[in-house]
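The file coords.txt contains compact mmCIF, C-alpha atoms:
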```txt
# COMPACT_ATOMS: atom_id res chain seq x y z
CA MET A 553 5.61 23.06 -13.18
CA GLY A 554 8.73 24.96 -12.24
CA GLY A 555 8.46 27.86 -9.87
CA PHE A 556 5.46 26.71 -7.85
CA VAL A 557 5.82 27.29 -4.13
CA SER A 558 3.39 25.87 -1.57
CA ARG A 559 2.35 28.92 0.45
CA GLY A 560 3.54 28.60 4.02
CA PHE A 561 5.25 25.22 3.63
CA LYS A 562 8.60 24.77 5.35
CA ARG A 563 10.89 21.80 5.70
CA ARG A 564 10.44 20.07 9.04
CA ARG A 565 12.59 17.01 8.57
CA ARG A 566 16.29 17.61 8.99
CA GLY A 567 18.70 15.16 7.46
CA GLY A 568 22.40 15.65 6.96
CA ALA A 569 24.10 16.20 3.62
CA GLU A 570 24.79 12.48 3.43
CA GLN A 571 21.10 11.69 3.80
CA ALA A 572 20.28 14.18 1.05
CA THR A 573 22.57 12.40 -1.41
CA ARG A 574 21.24 8.98 -0.46
CA LEU A 575 17.56 9.81 -0.93
CA PRO A 576 16.20 9.41 -4.48
CA PRO A 577 13.83 12.13 -5.74
CA GLY A 578 10.50 12.32 -3.89
CA GLN A 579 11.63 10.00 -1.06
CA TYR A 580 11.93 10.67 2.67
CA ALA A 581 13.93 8.78 5.29
CA GLU A 582 11.87 6.49 7.51
CA SER A 583 13.35 4.95 10.63
CA GLY A 584 10.71 2.22 10.92
CA PHE A 585 9.97 -0.51 8.43
CA PRO A 586 6.45 0.07 7.06
CA VAL A 587 4.39 -2.85 5.79
CA LEU A 588 2.62 -2.65 2.44
CA THR A 589 0.81 -5.65 1.05
CA ALA A 590 -2.11 -6.19 -1.30
CA GLY A 591 -3.67 -9.01 0.71
CA PRO A 592 -3.39 -11.26 3.76
CA THR A 593 0.04 -12.38 4.89
CA PRO A 594 0.61 -16.01 3.87
CA ARG A 595 1.94 -18.36 6.56
CA ILE A 596 4.40 -20.89 5.15
CA ASP A 597 5.63 -23.88 7.11
CA LEU A 598 9.39 -24.17 6.76
CA ALA A 599 9.05 -27.93 6.23
CA ASP A 600 6.99 -27.20 3.11
CA TRP A 601 9.00 -24.23 1.91
CA ARG A 602 10.72 -24.64 -1.46
CA PHE A 603 12.54 -22.21 -3.71
CA LYS A 604 12.52 -23.03 -7.43
CA VAL A 605 14.41 -21.69 -10.38
CA GLU A 606 12.82 -22.78 -13.65
CA GLY A 607 12.12 -21.76 -17.22
CA LEU A 608 14.98 -21.10 -19.60
CA VAL A 609 17.70 -22.79 -17.60
CA ALA A 610 19.81 -25.86 -18.36
CA ARG A 611 19.18 -27.48 -14.98
CA PRO A 612 15.98 -26.36 -13.25
CA ARG A 613 16.01 -27.17 -9.56
CA GLU A 614 14.51 -26.45 -6.21
CA TRP A 615 15.96 -25.98 -2.76
CA THR A 616 14.49 -26.85 0.60
CA TRP A 617 14.94 -24.48 3.56
CA GLU A 618 17.94 -26.53 4.75
CA GLU A 619 19.46 -26.78 1.29
CA ILE A 620 19.32 -23.08 0.53
CA HIS A 621 20.91 -22.30 3.91
CA ALA A 622 23.82 -24.57 2.97
CA LEU A 623 24.71 -22.24 0.08
CA PRO A 624 27.34 -19.53 0.63
CA ALA A 625 25.86 -16.76 2.77
CA SER A 626 25.66 -13.21 1.46
CA THR A 627 24.69 -9.98 3.21
CA PHE A 628 23.42 -6.72 1.73
CA GLU A 629 24.04 -3.53 3.66
CA GLY A 630 22.57 -0.32 2.30
CA ASP A 631 19.34 1.50 1.51
CA ILE A 632 15.89 0.44 0.32
CA HIS A 633 13.26 2.59 -1.36
CA CYS A 634 9.48 2.06 -1.42
CA VAL A 635 7.35 3.60 -4.17
CA THR A 636 5.03 4.95 -1.46
CA LYS A 637 7.77 7.52 -0.73
CA TRP A 638 9.67 6.13 2.25
CA SER A 639 13.27 5.01 2.15
CA LYS A 640 15.07 3.08 4.86
CA LEU A 641 18.73 4.04 5.00
CA GLY A 642 21.50 1.86 6.36
CA THR A 643 19.67 -1.42 6.79
CA SER A 644 20.81 -4.98 6.19
CA PHE A 645 19.49 -8.30 4.93
CA SER A 646 21.17 -11.70 4.76
CA GLY A 647 20.54 -14.76 2.65
CA VAL A 648 22.02 -15.96 -0.60
CA SER A 649 23.01 -14.07 -3.71
CA VAL A 650 20.81 -14.72 -6.75
CA ASP A 651 24.10 -15.17 -8.61
CA THR A 652 24.71 -18.33 -6.58
CA LEU A 653 21.27 -19.70 -7.52
CA LEU A 654 21.70 -18.86 -11.20
CA GLU A 655 25.11 -20.50 -11.25
CA ALA A 656 23.48 -23.74 -10.14
CA VAL A 657 20.79 -23.72 -12.83
CA GLU A 658 22.82 -22.33 -15.77
CA PRO A 659 20.59 -19.82 -17.57
CA LEU A 660 20.21 -20.48 -21.30
CA PRO A 661 21.64 -17.82 -23.63
CA GLU A 662 18.16 -16.70 -24.75
CA ALA A 663 17.02 -15.94 -21.16
CA SER A 664 16.52 -12.18 -20.87
CA HIS A 665 13.92 -11.64 -18.12
CA VAL A 666 12.72 -13.20 -14.90
CA ILE A 667 9.39 -13.45 -13.15
CA ALA A 668 9.64 -13.75 -9.40
CA PHE A 669 6.64 -15.65 -8.04
CA SER A 670 5.48 -15.86 -4.44
CA TYR A 671 3.40 -17.90 -2.06
CA GLY A 672 0.01 -16.20 -2.17
CA GLY A 673 0.19 -15.55 -5.92
CA TYR A 674 2.18 -12.32 -6.16
CA THR A 675 4.45 -11.85 -9.18
CA THR A 676 6.93 -9.22 -10.32
CA ASN A 677 9.03 -9.01 -13.47
CA LEU A 678 12.64 -7.95 -13.90
CA PRO A 679 15.27 -7.92 -16.61
CA LEU A 680 17.71 -10.76 -15.92
CA ASP A 681 20.53 -8.22 -15.74
CA ASP A 682 18.81 -6.57 -12.76
CA VAL A 683 19.09 -9.73 -10.66
CA ARG A 684 22.66 -10.79 -11.46
CA GLY A 685 26.05 -9.29 -10.96
CA GLY A 686 25.68 -8.77 -7.20
CA LYS A 687 22.39 -6.86 -7.43
CA ALA A 688 19.87 -9.30 -5.97
CA TRP A 689 19.44 -11.76 -3.10
CA VAL A 690 16.99 -14.20 -1.59
CA VAL A 691 17.00 -13.15 2.07
CA TRP A 692 15.67 -14.59 5.34
CA ASP A 693 17.36 -12.38 7.93
CA HIS A 694 16.77 -8.66 8.50
CA GLU A 695 19.25 -6.81 10.70
CA GLY A 696 20.33 -10.04 12.33
CA ALA A 697 16.91 -11.54 13.09
CA PRO A 698 14.62 -13.84 11.11
CA LEU A 699 12.58 -11.88 8.58
CA PRO A 700 9.05 -11.45 10.03
CA ALA A 701 6.16 -12.84 7.98
CA GLU A 702 4.65 -9.39 7.41
CA HIS A 703 7.94 -8.33 5.80
CA GLY A 704 8.02 -11.37 3.55
CA GLY A 705 9.36 -14.15 5.72
CA PRO A 706 10.33 -16.94 5.58
CA ALA A 707 12.18 -15.44 2.60
CA ARG A 708 11.83 -12.58 0.18
CA LEU A 709 13.60 -11.44 -2.93
CA LEU A 710 15.81 -8.39 -2.38
CA VAL A 711 16.56 -6.09 -5.32
CA PRO A 712 17.52 -2.92 -3.46
CA HIS A 713 18.42 -0.81 -6.49
CA LEU A 714 14.77 -0.89 -7.61
CA TYR A 715 11.58 0.20 -5.79
CA PHE A 716 10.77 -2.32 -3.12
CA TRP A 717 7.69 -3.87 -4.77
CA LYS A 718 10.25 -5.66 -6.97
CA SER A 719 11.63 -7.32 -3.83
CA ALA A 720 8.86 -9.93 -3.78
CA LYS A 721 7.75 -11.04 -0.30
CA TRP A 722 7.19 -14.75 0.40
CA VAL A 723 9.15 -15.53 -2.73
CA ALA A 724 8.79 -19.09 -4.02
CA GLY A 725 10.96 -18.94 -7.10
CA LEU A 726 12.24 -17.36 -10.29
CA ARG A 727 11.15 -18.24 -13.81
CA LEU A 728 13.52 -17.26 -16.61
CA LEU A 729 11.93 -16.09 -19.86
CA ASP A 730 13.07 -14.85 -23.27
CA HIS A 731 10.64 -11.92 -23.09
CA ASP A 732 9.25 -9.44 -20.61
CA SER A 733 5.90 -10.18 -18.93
CA PRO A 734 4.42 -7.62 -16.51
CA GLY A 735 3.80 -8.84 -12.96
CA PHE A 736 1.11 -7.89 -10.44
CA TRP A 737 1.73 -4.20 -9.77
CA GLU A 738 3.26 -3.71 -13.20
CA SER A 739 -0.17 -4.64 -14.64
CA LEU A 740 -1.97 -2.27 -12.25
CA GLY A 741 -0.45 1.10 -12.96
CA TYR A 742 3.07 0.81 -11.59
CA HIS A 743 6.19 1.24 -13.69
CA ASN A 744 7.58 -1.79 -15.50
CA HIS A 745 11.15 -1.23 -14.32
CA GLY A 746 11.00 0.87 -11.12
CA ASP A 747 14.35 2.66 -10.83
CA PRO A 748 13.99 5.08 -7.87
CA TRP A 749 16.79 7.33 -9.09
CA ARG A 750 14.82 7.93 -12.30
CA GLU A 751 11.59 8.12 -10.27
CA GLU A 752 10.01 5.32 -12.34
CA ARG A 753 6.92 5.03 -10.12
CA TYR A 754 3.95 4.73 -12.45
CA TRP A 755 3.07 3.92 -16.03
CA GLY A 756 4.49 6.59 -18.30
CA ASP A 757 7.10 7.87 -15.82
CA MET B 626 -0.34 5.34 -21.37
CA GLY B 627 0.81 8.89 -20.82
CA ARG B 628 2.66 10.11 -17.81
CA LEU B 629 0.64 11.11 -14.78
CA SER B 630 1.72 14.71 -14.82
CA TRP B 631 1.78 17.06 -11.88
CA ARG B 632 -1.09 19.52 -11.91
CA LEU B 633 -2.16 22.42 -9.77
CA ALA B 634 -5.35 21.92 -7.82
CA GLU B 635 -7.11 24.64 -5.85
CA VAL B 636 -8.50 24.15 -2.38
CA ALA B 637 -12.25 24.70 -2.64
CA GLU B 638 -13.00 23.96 1.00
CA VAL B 639 -11.35 22.75 4.19
CA LYS B 640 -13.89 20.79 6.23
CA PRO B 641 -13.11 19.80 9.79
CA GLU B 642 -14.11 16.17 10.36
CA THR B 643 -12.69 15.44 13.82
CA ASP B 644 -10.12 17.01 16.14
CA ARG B 645 -7.33 15.55 14.04
CA VAL B 646 -8.83 15.11 10.58
CA VAL B 647 -9.92 17.54 7.90
CA THR B 648 -11.35 16.93 4.47
CA LEU B 649 -9.66 18.89 1.70
CA ALA B 650 -12.08 19.46 -1.17
CA LEU B 651 -10.03 20.21 -4.28
CA ASP B 652 -10.82 21.66 -7.67
CA VAL B 653 -8.61 19.73 -10.05
CA PRO B 654 -8.62 21.08 -13.59
CA ASP B 655 -9.13 18.36 -16.21
CA TRP B 656 -9.38 15.59 -13.62
CA ASP B 657 -10.07 12.44 -15.63
CA GLY B 658 -11.89 10.73 -12.80
CA HIS B 659 -10.78 7.86 -10.62
CA LEU B 660 -11.91 4.52 -9.28
CA PRO B 661 -13.15 4.22 -5.70
CA GLY B 662 -10.15 3.16 -3.61
CA GLN B 663 -7.44 4.82 -5.68
CA HIS B 664 -5.00 7.35 -4.26
CA LEU B 665 -3.02 10.31 -5.50
CA ASP B 666 0.34 11.87 -4.80
CA VAL B 667 0.72 15.33 -3.27
CA ARG B 668 3.91 17.37 -3.64
CA LEU B 669 4.79 20.37 -1.49
CA THR B 670 7.53 22.82 -2.42
CA ALA B 671 9.16 25.22 0.07
CA GLU B 672 10.61 28.62 -0.83
CA ASP B 673 14.11 27.13 -0.85
CA GLY B 674 13.09 24.48 -3.34
CA TYR B 675 12.82 21.66 -0.80
CA GLN B 676 10.09 19.23 -1.77
CA ALA B 677 8.11 16.58 0.08
CA GLU B 678 5.78 14.02 -1.50
CA ARG B 679 3.15 11.81 0.08
CA SER B 680 0.30 9.58 -1.10
CA TYR B 681 -3.31 10.03 0.06
CA SER B 682 -6.39 7.97 -0.64
CA ILE B 683 -9.25 9.68 -2.42
CA ALA B 684 -12.40 9.73 -0.29
CA SER B 685 -14.82 11.19 -2.85
CA ALA B 686 -16.81 9.25 -5.41
CA PRO B 687 -15.68 9.56 -9.04
CA GLY B 688 -18.57 11.81 -10.06
CA ALA B 689 -18.37 14.19 -7.10
CA SER B 690 -17.89 17.88 -7.74
CA HIS B 691 -14.53 17.92 -5.92
CA VAL B 692 -11.70 15.50 -5.36
CA GLU B 693 -11.65 15.01 -1.60
CA LEU B 694 -8.85 13.84 0.66
CA ALA B 695 -9.22 13.10 4.38
CA ILE B 696 -6.02 14.23 6.06
CA GLU B 697 -5.13 13.09 9.56
CA ARG B 698 -2.68 15.42 11.29
CA LEU B 699 0.35 13.49 12.51
CA ASP B 700 2.10 15.75 14.99
CA ASP B 701 5.61 14.64 14.08
CA GLY B 702 4.80 14.64 10.37
CA GLU B 703 6.07 17.03 7.77
CA VAL B 704 3.25 17.06 5.24
CA SER B 705 0.06 16.33 7.18
CA PRO B 706 0.38 19.29 9.60
CA TYR B 707 0.63 21.55 6.57
CA LEU B 708 -2.28 19.99 4.72
CA ALA B 709 -4.50 19.77 7.81
CA GLY B 710 -3.44 23.01 9.49
CA GLU B 711 -2.02 25.53 7.06
CA LEU B 712 -3.93 25.16 3.80
CA ARG B 713 -6.83 27.53 3.27
CA LYS B 714 -9.57 27.86 0.68
CA GLY B 715 -8.03 29.31 -2.46
CA ASP B 716 -4.55 27.87 -1.86
CA GLN B 717 -2.98 25.76 -4.55
CA LEU B 718 -1.66 22.25 -4.22
CA GLU B 719 0.39 20.14 -6.64
CA LEU B 720 -0.83 16.61 -7.19
CA ARG B 721 -0.83 13.75 -9.65
CA GLY B 722 -2.96 10.64 -9.99
CA PRO B 723 -5.09 8.65 -9.78
CA ILE B 724 -2.90 5.71 -8.81
CA GLY B 725 -3.48 2.07 -7.98
CA GLY B 726 -5.54 -0.62 -9.65
CA TYR B 727 -6.07 -3.33 -7.04
CA PHE B 728 -7.58 -1.79 -3.92
CA VAL B 729 -10.55 -0.54 -5.96
CA TRP B 730 -14.21 -1.45 -6.02
CA GLU B 731 -16.88 -0.57 -8.50
CA PRO B 732 -20.49 -1.72 -8.23
CA ASP B 733 -20.16 -4.10 -11.19
CA GLN B 734 -17.61 -6.13 -9.23
CA GLY B 735 -20.51 -7.21 -7.05
CA GLY B 736 -20.27 -8.50 -3.53
CA PRO B 737 -21.38 -8.96 -0.92
CA LEU B 738 -19.02 -6.23 0.13
CA LEU B 739 -17.23 -6.25 3.46
CA LEU B 740 -15.39 -3.04 4.31
CA VAL B 741 -13.20 -2.90 7.41
CA ALA B 742 -11.69 0.43 8.42
CA GLY B 743 -9.34 1.55 11.15
CA GLY B 744 -9.19 5.28 11.84
CA SER B 745 -8.51 7.40 8.76
CA GLY B 746 -8.20 4.16 6.79
CA VAL B 747 -11.90 4.72 6.16
CA ALA B 748 -11.03 7.22 3.38
CA PRO B 749 -10.75 4.86 0.37
CA LEU B 750 -13.66 2.79 1.73
CA MET B 751 -15.74 5.98 1.90
CA ALA B 752 -15.16 6.43 -1.83
CA MET B 753 -16.60 2.94 -2.33
CA VAL B 754 -19.61 3.59 -0.07
CA ARG B 755 -20.27 6.89 -1.81
CA GLN B 756 -19.95 5.42 -5.29
CA ARG B 757 -22.23 2.54 -4.34
CA ALA B 758 -24.86 5.05 -3.23
CA ALA B 759 -24.36 7.35 -6.20
CA ALA B 760 -24.77 4.43 -8.61
CA GLY B 761 -27.91 3.22 -6.83
CA SER B 762 -26.22 -0.14 -6.33
CA ASP B 763 -27.99 -2.71 -4.20
CA VAL B 764 -24.89 -4.85 -3.68
CA PRO B 765 -25.16 -5.81 0.01
CA ALA B 766 -22.48 -3.93 1.92
CA ARG B 767 -21.27 -3.93 5.51
CA LEU B 768 -18.81 -1.45 6.93
CA LEU B 769 -17.07 -2.27 10.20
CA TYR B 770 -15.28 0.85 11.35
CA SER B 771 -12.88 0.98 14.31
CA ALA B 772 -12.25 4.38 15.92
CA ARG B 773 -11.02 5.47 19.31
CA THR B 774 -14.19 7.31 20.28
CA LEU B 775 -17.41 8.35 18.57
CA GLU B 776 -15.91 11.82 18.12
CA ASP B 777 -13.06 10.26 16.13
CA VAL B 778 -15.42 8.77 13.55
CA ILE B 779 -14.76 10.54 10.26
CA PHE B 780 -17.75 11.25 7.97
CA ARG B 781 -20.04 10.29 10.84
CA GLY B 782 -23.06 12.35 9.83
CA GLU B 783 -22.94 11.22 6.23
CA LEU B 784 -22.42 7.59 7.23
CA GLU B 785 -25.46 7.74 9.51
CA ARG B 786 -27.59 9.20 6.73
CA LEU B 787 -26.44 6.57 4.25
CA ASP B 788 -27.02 3.79 6.76
CA ALA B 789 -30.53 5.01 7.56
CA ALA B 790 -31.49 5.45 3.92
CA ASP B 791 -30.32 2.10 2.60
CA ASP B 792 -31.49 -1.31 3.82
CA SER B 793 -28.70 -3.11 2.02
CA LEU B 794 -25.98 -1.11 3.79
CA THR B 795 -25.07 -1.82 7.42
CA ILE B 796 -22.54 0.20 9.37
CA THR B 797 -21.08 -1.09 12.63
CA TYR B 798 -18.68 0.81 14.86
CA ALA B 799 -16.05 -0.55 17.21
CA LEU B 800 -15.06 2.18 19.66
CA THR B 801 -11.80 1.15 21.27
CA ARG B 802 -11.09 3.83 23.90
CA ALA B 803 -14.38 5.22 25.16
CA GLN B 804 -18.03 4.64 24.44
CA PRO B 805 -21.05 6.89 25.06
CA ALA B 806 -23.46 5.81 27.81
CA GLY B 807 -25.72 3.08 26.55
CA TRP B 808 -23.56 2.51 23.47
CA PRO B 809 -25.17 -0.33 21.52
CA GLY B 810 -22.16 -1.11 19.35
CA TYR B 811 -18.84 -2.74 20.04
CA GLY B 812 -16.49 -1.35 22.68
CA ARG B 813 -13.28 -3.16 21.82
CA ARG B 814 -10.76 -3.65 19.06
CA ILE B 815 -11.86 -5.66 16.04
CA ASP B 816 -11.27 -9.36 16.62
CA ALA B 817 -12.17 -12.67 15.02
CA ALA B 818 -15.42 -13.05 16.96
CA MET B 819 -16.54 -9.58 15.85
CA LEU B 820 -15.64 -10.31 12.24
CA GLU B 821 -17.60 -13.54 12.37
CA GLU B 822 -20.65 -11.67 13.68
CA VAL B 823 -20.43 -8.78 11.26
CA SER B 824 -19.31 -10.48 8.08
CA TRP B 825 -21.02 -12.95 5.81
CA PRO B 826 -20.17 -16.63 6.10
CA PRO B 827 -17.17 -17.55 3.93
CA GLY B 828 -19.50 -19.63 1.74
CA GLU B 829 -21.07 -16.41 0.48
CA ARG B 830 -17.65 -15.32 -0.74
CA PRO B 831 -17.74 -11.67 0.33
CA LEU B 832 -15.26 -9.34 -1.29
CA ALA B 833 -13.34 -7.73 1.58
CA TYR B 834 -11.40 -4.47 1.66
CA VAL B 835 -9.40 -3.71 4.79
CA CYS B 836 -7.66 -0.38 5.34
CA GLY B 837 -6.08 1.09 8.45
CA PRO B 838 -2.95 0.88 10.57
CA THR B 839 -0.69 -2.07 9.89
CA ARG B 840 -1.49 -3.86 13.15
CA LEU B 841 -5.23 -3.72 12.45
CA VAL B 842 -4.87 -4.72 8.82
CA GLU B 843 -2.56 -7.64 9.60
CA ALA B 844 -4.90 -8.89 12.34
CA VAL B 845 -8.13 -8.49 10.39
CA ALA B 846 -6.78 -10.03 7.18
CA GLY B 847 -5.33 -12.93 9.15
CA ASP B 848 -8.59 -13.44 11.06
CA LEU B 849 -10.65 -13.43 7.86
CA VAL B 850 -8.42 -16.10 6.33
CA ALA B 851 -8.57 -18.13 9.56
CA LEU B 852 -12.38 -17.88 9.48
CA GLY B 853 -12.30 -19.53 6.06
CA HIS B 854 -12.40 -16.58 3.69
CA ASP B 855 -10.54 -16.94 0.40
CA PRO B 856 -7.29 -14.90 0.65
CA SER B 857 -7.74 -13.81 -2.94
CA ARG B 858 -11.02 -12.10 -1.90
CA VAL B 859 -9.32 -10.07 0.85
CA ARG B 860 -7.66 -6.86 -0.32
CA THR B 861 -5.62 -4.73 2.03
CA GLU B 862 -4.14 -1.27 2.21
CA ARG B 863 -2.28 0.63 4.91
CA PHE B 864 -2.81 4.32 5.43
CA GLY B 865 -0.42 6.90 6.71
CA PRO B 866 3.20 7.61 5.91
CA THR B 867 4.60 4.86 8.09
CA GLY B 868 1.83 2.40 8.65
CA VAL B 869 2.51 2.65 12.36
CA PRO B 870 -0.68 2.81 14.41
```
Would you encode the structure as structure tokens?
Amino acid sequence: MGGFVSRGFKRRRRGGAEQATRLPPGQYAESGFPVLTAGPTPRIDLADWRFKVEGLVARPREWTWEEIHALPASTFEGDIHCVTKWSKLGTSFSGVSVDTLLEAVEPLPEASHVIAFSYGGYTTNLPLDDVRGGKAWVVWDHEGAPLPAEHGGPARLLVPHLYFWKSAKWVAGLRLLDHDSPGFWESLGYHNHGDPWREERYWGD
Amino acid sequence: MGRLSWRLAEVAEVKPETDRVVTLALDVPDWDGHLPGQHLDVRLTAEDGYQAERSYSIASAPGASHVELAIERLDDGEVSPYLAGELRKGDQLELRGPIGGYFVWEPDQGGPLLLVAGGSGVAPLMAMVRQRAAAGSDVPARLLYSARTLEDVIFRGELERLDAADDSLTITYALTRAQPAGWPGYGRRIDAAMLEEVSWPPGERPLAYVCGPTRLVEAVAGDLVALGHDPSRVRTERFGPTGVP
């Protein structure tokens, strides 16, 4: 639909050139941290919290809250992008790299995809290659403070190179599969992969 | 599934609802219909090519003659002041949709139906109320709607008509800032006690839809779960570009 101009519309937000290059198509910079959730926020007691990695792995295992904190710490600093159009530039999250978790469980050669599953029943699917190689974390701190429950605390998955619905809140584990299997939003109209730079928002994008 | 392509809609009418909210009634060529609760994306393009996109809930029922959006003007916003202040009948607007498959309700999903709205979060719930009426559904429905004052209640006249005409629909208002003299309804923010009075007991397993500012949605959804409602029967959505009340 090239050439269409919205009569009388003018830019009101002013970002620098750097902001322009950091915003994927259709996104705007948001200084807050909006909350988007399909249902009530689950409350998880840290004493009961477990993180599991299972499925096509040589040594499935689970970590308690104390055990996962004993793993080497890893921090992400950068930008996140929500499919509802806001991006948060220059933020940070700390936890553990998914690489560290995968190293412990030894994925089998046939493993090609993962399902992240959460307390409360949420799921999201990703190619295994999108959560390894320094691209994904399980995080419990946001900008130096414990991650609030409404943002996914105690811990959420963080996959910042994809739209943020892939960064499952209240994450309880990863299941490795030899095939793709659409998760919650992926079954309800949202794109299976969700690359913001290709604007993969909805089915068919 | 094909791509949701951008299409040009035409503004058929701009209806003032409150001081800060207008309804945009849109003619959308070849609109394939939508489900009550779904939203769509709007894209604005400036002369210099700059574009801004936002999502808005659809307030009209699927069979209505126009696709309607309720737009609340956010003074520091970029898109809502344009949509709510600049657009005129006959202007064109790029959009694509409908989008979303979870925060939707159709009469055959049954109930009883508990709708909880904060401010312009009433928009997707209005689509459900309208569709319920259009379909002649007798699914018992209760709408609890929080607004600052009576003048801030969007769709007030239509809601009053629907309420009066339908014994199985009950609408309750919570006016948080000011109440008319002799106001019979609630004069405070929605809280657990109010939800317990307005809603069905958890044993009746109402299907709840909660939409509004984040603080309201978080509180109401948490209260419903604490009252014993099944979390899987409580669906939530935040309105507005930031979710900040």
Got a sec to check which residues sit within 10 Å of (-9.5, 26.5, 1.2), counting all atoms listed in the file, and write them as a compact mmCIF listing (two decimals) with C-alpha atoms, in the frame of the given file?
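Written file, point27.txt:
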```txt
# COMPACT_ATOMS: atom_id res chain seq x y z
CA GLU B 635 -7.11 24.64 -5.85
CA VAL B 636 -8.50 24.15 -2.38
CA ALA B 637 -12.25 24.70 -2.64
CA GLU B 638 -13.00 23.96 1.00
CA VAL B 639 -11.35 22.75 4.19
CA LYS B 640 -13.89 20.79 6.23
CA LEU B 649 -9.66 18.89 1.70
CA ALA B 650 -12.08 19.46 -1.17
CA LEU B 651 -10.03 20.21 -4.28
CA GLU B 711 -2.02 25.53 7.06
CA LEU B 712 -3.93 25.16 3.80
CA ARG B 713 -6.83 27.53 3.27
CA LYS B 714 -9.57 27.86 0.68
CA GLY B 715 -8.03 29.31 -2.46
CA ASP B 716 -4.55 27.87 -1.86
CA GLN B 717 -2.98 25.76 -4.55
```
Practice item. Could you list, as a PyMOL selection string, the residues of chain B having an atom within 7 Å of chain A when counting all atoms listed in the file? Key: chain B and resi 626-629+669-672+675+677-680+703+707+718+724-727+839+843+846-847+856+859-863+867-868
Only C-alpha atoms, please: the residues just picked out, written as a short mmCIF file (atom, residue, chain, number, x, y, z; two decimals), in the coordinates of the input.
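Result file is result.cif:
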```
data_model
loop_
_atom_site.label_atom_id
_atom_site.label_comp_id
_atom_site.auth_asym_id
_atom_site.auth_seq_id
_atom_site.Cartn_x
_atom_site.Cartn_y
_atom_site.Cartn_z
CA MET B 626 -0.34 5.34 -21.37
CA GLY B 627 0.81 8.89 -20.82
CA ARG B 628 2.66 10.11 -17.81
CA LEU B 629 0.64 11.11 -14.78
CA LEU B 669 4.79 20.37 -1.49
CA THR B 670 7.53 22.82 -2.42
CA ALA B 671 9.16 25.22 0.07
CA GLU B 672 10.61 28.62 -0.83
CA TYR B 675 12.82 21.66 -0.80
CA ALA B 677 8.11 16.58 0.08
CA GLU B 678 5.78 14.02 -1.50
CA ARG B 679 3.15 11.81 0.08
CA SER B 680 0.30 9.58 -1.10
CA GLU B 703 6.07 17.03 7.77
CA TYR B 707 0.63 21.55 6.57
CA LEU B 718 -1.66 22.25 -4.22
CA ILE B 724 -2.90 5.71 -8.81
CA GLY B 725 -3.48 2.07 -7.98
CA GLY B 726 -5.54 -0.62 -9.65
CA TYR B 727 -6.07 -3.33 -7.04
CA THR B 839 -0.69 -2.07 9.89
CA GLU B 843 -2.56 -7.64 9.60
CA ALA B 846 -6.78 -10.03 7.18
CA GLY B 847 -5.33 -12.93 9.15
CA PRO B 856 -7.29 -14.90 0.65
CA VAL B 859 -9.32 -10.07 0.85
CA ARG B 860 -7.66 -6.86 -0.32
CA THR B 861 -5.62 -4.73 2.03
CA GLU B 862 -4.14 -1.27 2.21
CA ARG B 863 -2.28 0.63 4.91
CA THR B 867 4.60 4.86 8.09
CA GLY B 868 1.83 2.40 8.65
#
```
Exercise for review: Could you tell me how far CA of Arg727 in chain A lies from CA of Leu660 in chain A, in Å and to one decimal?
Suggested key: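 So the answer is 12.0 Å.
You can rank A:Leu608, A:Ile620, A:Val711, A:Leu641 by their closest distance to Arg684 in chain A using only C-alpha atoms, and at the top of that list sits A:Val711.
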Exercise for review: Would you mind listing what lies within 10 Å of Ser649 in chain A as a PyMOL selection string, with only C-alpha atoms counted and same-chain residues fewer than 2 positions away left out?
Suggested key: chain A and resi 623-628+646-647+651-654+683-691+709-710
Find the smallest box with edges along x, y and z containing every listed atom of range 741-756 of chain A, then add 6 Å on each side and report centre and edge lengths in Å to one decimal, as lines of an AutoDock Vina configuration file.
```
center_x = 8.2
center_y = 3.2
center_z = -13.1
size_x = 29.2
size_y = 21.9
size_z = 22.4
```
Review point. From the list A:His621, A:Leu729, A:Tyr671, A:Asp600, which residue is nearest Ala701 in chain A when using only C-alpha atoms?
Key: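 For Ala701 in chain A, the nearest of the given residues is A:Tyr671.
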Check your understanding: If you count all atoms listed in the file, which residues fall within 12 Å of Val754 in chain B, apart from same-chain ones fewer than 6 positions away, as a VMD selection string?
Key -> chain B and resid 661 to 662 684 to 687 729 to 732 738 to 741 747 to 748 760 to 768 780 783 to 788 791 793 to 796 834
Exercise for review: Write out as a PyMOL selection string which residues come within 10 Å of Pro706 in chain A when counting all atoms listed in the file, dropping same-chain ones fewer than 6 positions away.
Suggested key: chain A and resi 594-598+601+617+691-693+698-700+721-724
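For the set A:Glu658, A:Glu695, A:Glu570, A:Asp732, the residue with the smallest atom-to-atom gap to Asn744 in chain A is A:Asp732, counting all atoms listed in the file.
One distance worth recording is that between CA of Thr643 in chain B and CA of Ile779 in chain B, which is 6.4 Å.
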Find the residues near His665 in chain A: any atom within 9 Å, counting only C-alpha atoms, skip ones fewer than 4 places away on the same chain, and give them as a compact mmCIF listing (two decimals) with C-alpha atoms, in the frame of the given file.
```
# COMPACT_ATOMS: atom_id res chain seq x y z
CA ASN A 677 9.03 -9.01 -13.47
CA LEU A 678 12.64 -7.95 -13.90
CA PRO A 679 15.27 -7.92 -16.61
CA LEU A 680 17.71 -10.76 -15.92
CA ASP A 681 20.53 -8.22 -15.74
CA ASP A 682 18.81 -6.57 -12.76
CA ARG A 727 11.15 -18.24 -13.81
CA LEU A 728 13.52 -17.26 -16.61
CA LEU A 729 11.93 -16.09 -19.86
CA ASP A 730 13.07 -14.85 -23.27
CA HIS A 731 10.64 -11.92 -23.09
CA ASP A 732 9.25 -9.44 -20.61
CA SER A 733 5.90 -10.18 -18.93
```
